[in-house]
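First the structure, in the form of structure tokens, and then the observations on it.
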Amino acid sequence: MITNASDWITRNVSRLRPGSDAEGKKAGAAKAPAEPKSRGAGPRPLAERLEATLRRNGEALAPRALRRALAELEAVTDPRISEVEAGRRAHAVVQWYAGRELDERRDVWLLMSERFAPDVKKVSSARDSHQAAMGTAEEAQAEVHLRRALVSPRLRLLQRFAIEPEGMRFLVDLRAQLLPHLKADRRLLPLDAELEHLFSTWFDVAFLDLRRISWDSPASLIEKLIQYEAVHDIKSWADVKNRLDSDRRCYGFFHPRLPNTPLIFVEVALVDRISEGIVPLLDEAAAPVKADRAATAVFYSISNTQDGLRGVSFGDSLIKRVVETLQQELPRLKTFATLSPIPGFRGWFAKNAGSLLTRLDDKRQTELGRVVGSLPPTAERVLAAAEESSTLDAKSPVRQLLMNAAAEYLGRATAEGKPVDPVARFHLGNGARVERLNWAGDPSPKALKQSYGLMVNYLYDLKRLDKHRALLAQGKVAVSGDVDDLFLKG
């Protein structure tokens, strides 16, 4: 007798595999006649597949296996069982899911998304009752009923997957694999939205631990830094040791259910002034600065590690917590700034070079035209000259235009009131200001491809963070005088 999901999976796992004997495909058996195709050229709807008897070409799980998978998911949400039993059943599904190919997993996502939706009739009735109760003494109770009607069985399903210790990892990885498929299959959007909503609660900063990662940390944790570093690749163990040395700090946010994996981490250099380039900060041979003598903390790399937590914001809280921690440990620190990439600049400049050229006065257009070999200068010639950015001297008209353009990009290019550059959007949203542009701040091929090697310092003036946020809410970016001087006047 099968008493729980674990027993069922153990005895029937082979029958859930497409092409198994249980699907009527034993060696030598005659093939069943193909089912007639349903109307339309698109994929067969999930509801139709659940009612069918045979798999159509291109489908992953066969109808019988699909129905069994649905039954096991429904068993996880059974309100009559204990949370412990629910966790066991969910764990059995996780084990089965781990052995599935991507197309089969997509079938499971569809089941979660479509078959565990809120009851449409209950939602409609509760919404009508709430509208009718607006402005009456029954409004509060009607809102309660509406909220309860909107809670989907999908929420209970996902919560029960999180009961087991490895359940959180399963859900985060599931969403990471799900995200690239949302545009192609909008049926998955409800599942994604439910996961993001849950993660925003489960991974709230109130439940995260800030930990310093040092050279004395477990090797497995340091290996994760190497794996997840997204801004400046770590090239060796000597490189990572340098980043964790006496005048360096690395901090990460950790969740109790993912204890050995930083969700996000920031690398900090303790220096005497705001840094202009990344090379000195990563120089393994550079003499270290005594940490207790440092006046400036430069945040030079921030990396998210979990694609499945996209949309869950905790980077701003990380910087604030790190600033507080550093101030307590090193009272001499007075300046907090970043040395940041400008990842979207090159693409933006390619699209806007023509309009920027029209804003130059006649003198600058003539100087630039002589250098690029075209009077008046054309966008095509300027973009070609910019390819040699690493060889341009300080007086080069091309270099000067690139600096102007970068200031325009960071300080004026917005969409819906927010900076178009993703890194700028993050730091400016935290209340920082655009402090300084650094020519050849990063000579690496990656930076040359992204921003012609330009980098930017964002300054975190702790007394003006709220003022800068208020400016941004008005669609205005806080910039220093030096950056303001780089704006094109035309």
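Ordering of the structure tokens sets the chain letters (A, B, ...); residue numbers start at 1 within each chain; ligands are numbered from 1 in the order shown.
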List every residue of range 324-371 of chain A that has an atom at most 12 Å from any atom of range 220-243 of chain A, giving for each one its closest atom pair and the distance in Å to one decimal, counting only C-alpha atoms, sorted by chain and then by ascending residue number, as a tab-separated table.
residue	atom	partner	partner_atom	distance
A:Leu339	CA	A:Val231	CA	10.9
A:Ser340	CA	A:Val231	CA	8.9
A:Pro341	CA	A:Val231	CA	7.9
A:Ile342	CA	A:Val231	CA	10.8
A:Pro343	CA	A:Val231	CA	10.0
Can I get the residues of range 79-185 of chain A within 8 Å of range 298-315 of chain A, each with the closest pair of atoms and their distance in Å to one decimal, using only C-alpha atoms, sorted chain first then ascending number, as CSV?
residue,atom,partner,partner_atom,distance
A:Val172,CA,A:Gly308,CA,4.8
A:Asp173,CA,A:Gly308,CA,5.9
A:Leu174,CA,A:Gly308,CA,7.3
A:Arg175,CA,A:Gly308,CA,4.8
A:Ala176,CA,A:Gly308,CA,3.9
A:Gln177,CA,A:Gly308,CA,7.6
A:Leu179,CA,A:Gly308,CA,7.7
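Here the question is which of A:Tyr97, A:Trp215, A:Phe116, A:Phe426 gets nearest to Glu74 in chain A using only C-alpha atoms, and that residue is A:Phe116.
Among A:Gly431, A:Pro443, A:Gly481, A:Pro63, the residue with the shortest atom-to-atom distance to Ala407 in chain A, counting only C-alpha atoms, is A:Gly481.
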Would you pick out the contacts of Ala478 in chain A at 9 Å or less, using only C-alpha atoms, so that residues sharing its chain but fewer than 3 positions from it are not included, and give the list as an MDAnalysis selection string? chainID A and resid 411 428 431:435 467:469 471:472
query: DSSP on the backbone: what in range 105-248 of chain A comes out helix (DSSP H, G or I), as a ChimeraX atom specification?
result: /A:105-114,120-133,139-150,153-161,167-181,186-202,205-207,219-228,237-243
Among A:Ala117, A:Val123, A:Ala219, A:Ala424, Ala193 in chain A is approached most closely, using only C-alpha atoms, by A:Ala117
* Per DSSP on the backbone, filter range 279-433 of chain A down to the residues in strand (DSSP E) and report them as an MDAnalysis selection string. => chainID A and resid 296:304 335:338 414:415 418:419 433
Please report the interatomic distance between CA of Phe253 in chain A and CA of Ile163 in chain A in Å with one decimal.
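Going from CA of Phe253 in chain A over to CA of Ile163 in chain A covers 21.6 Å.
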(Q) I'd like the neighbourhood of Ser451 in chain A as a ChimeraX atom specification, where a residue qualifies if any of its atoms comes within 12 Å (using only C-alpha atoms), though same-chain residues fewer than 5 positions away should be ignored. (A) /A:340-350,386-387,389-390,402-403,405-406,409-410,421,437-446,456
> Could you pull the residues within 10 Å of range 43-52 of chain A, counting only C-alpha atoms, minus those fewer than 5 positions along the same chain, as a VMD selection string?
Replying inline: chain A and resid 35 37 to 38 58 to 59 61 to 68 70 107 110 to 111 114 to 115
- [ ] Have a look at A:Ala90, A:Leu182, A:Ser200, A:Ala137 and name the one nearest to Glu164 in chain A; count only C-alpha atoms.
- [x]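 Of A:Ala90, A:Leu182, A:Ser200, A:Ala137, the one nearest Glu164 in chain A is A:Ala90, counting only C-alpha atoms.
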Practice prompt. Write out as a list in words the residues lying within 12 Å of Ser124 in chain A, counting only C-alpha atoms and excluding same-chain residues fewer than 3 positions away.
Written response: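 Residues meeting the cut-off are Pro118, Asp119, Val120, Lys121, Arg127, Asp128, Ser129, His130, Gln131, His145, Leu146, Arg147, Ala149 and Leu150 of chain A.
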Requested in this report: Identify, on the basis of only C-alpha atoms, every residue whose closest approach to Pro165 in chain A does not exceed 9 Å; exclude the query and any residue fewer than 4 positions from it along the same chain; express the result as a VMD selection string.
Outcome: chain A and resid 169 257 to 258
Could you take the residues named above and write them with N, CA and C atoms, as an mmCIF file, in the first residue's frame?
data_model
loop_
_atom_site.group_PDB
_atom_site.id
_atom_site.type_symbol
_atom_site.label_atom_id
_atom_site.label_comp_id
_atom_site.auth_asym_id
_atom_site.auth_seq_id
_atom_site.Cartn_x
_atom_site.Cartn_y
_atom_site.Cartn_z
ATOM 1 N N ARG A 169 16.605 26.334 -1.627
ATOM 2 C CA ARG A 169 17.522 26.231 -2.758
ATOM 3 C C ARG A 169 16.779 25.758 -4.000
ATOM 4 N N ARG A 257 18.699 29.734 5.356
ATOM 5 C CA ARG A 257 18.437 28.536 4.562
ATOM 6 C C ARG A 257 19.441 28.338 3.427
ATOM 7 N N LEU A 258 20.284 29.332 3.186
ATOM 8 C CA LEU A 258 21.378 29.195 2.211
ATOM 9 C C LEU A 258 22.659 29.628 2.913
#
ask   = Between A:Leu375, A:Leu462, A:Gly475, A:Ala132, which one has atoms that come closest to Lys418 in chain A, using only C-alpha atoms?
value =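 Distance minimum relative to Lys418 in chain A lands on A:Gly475.
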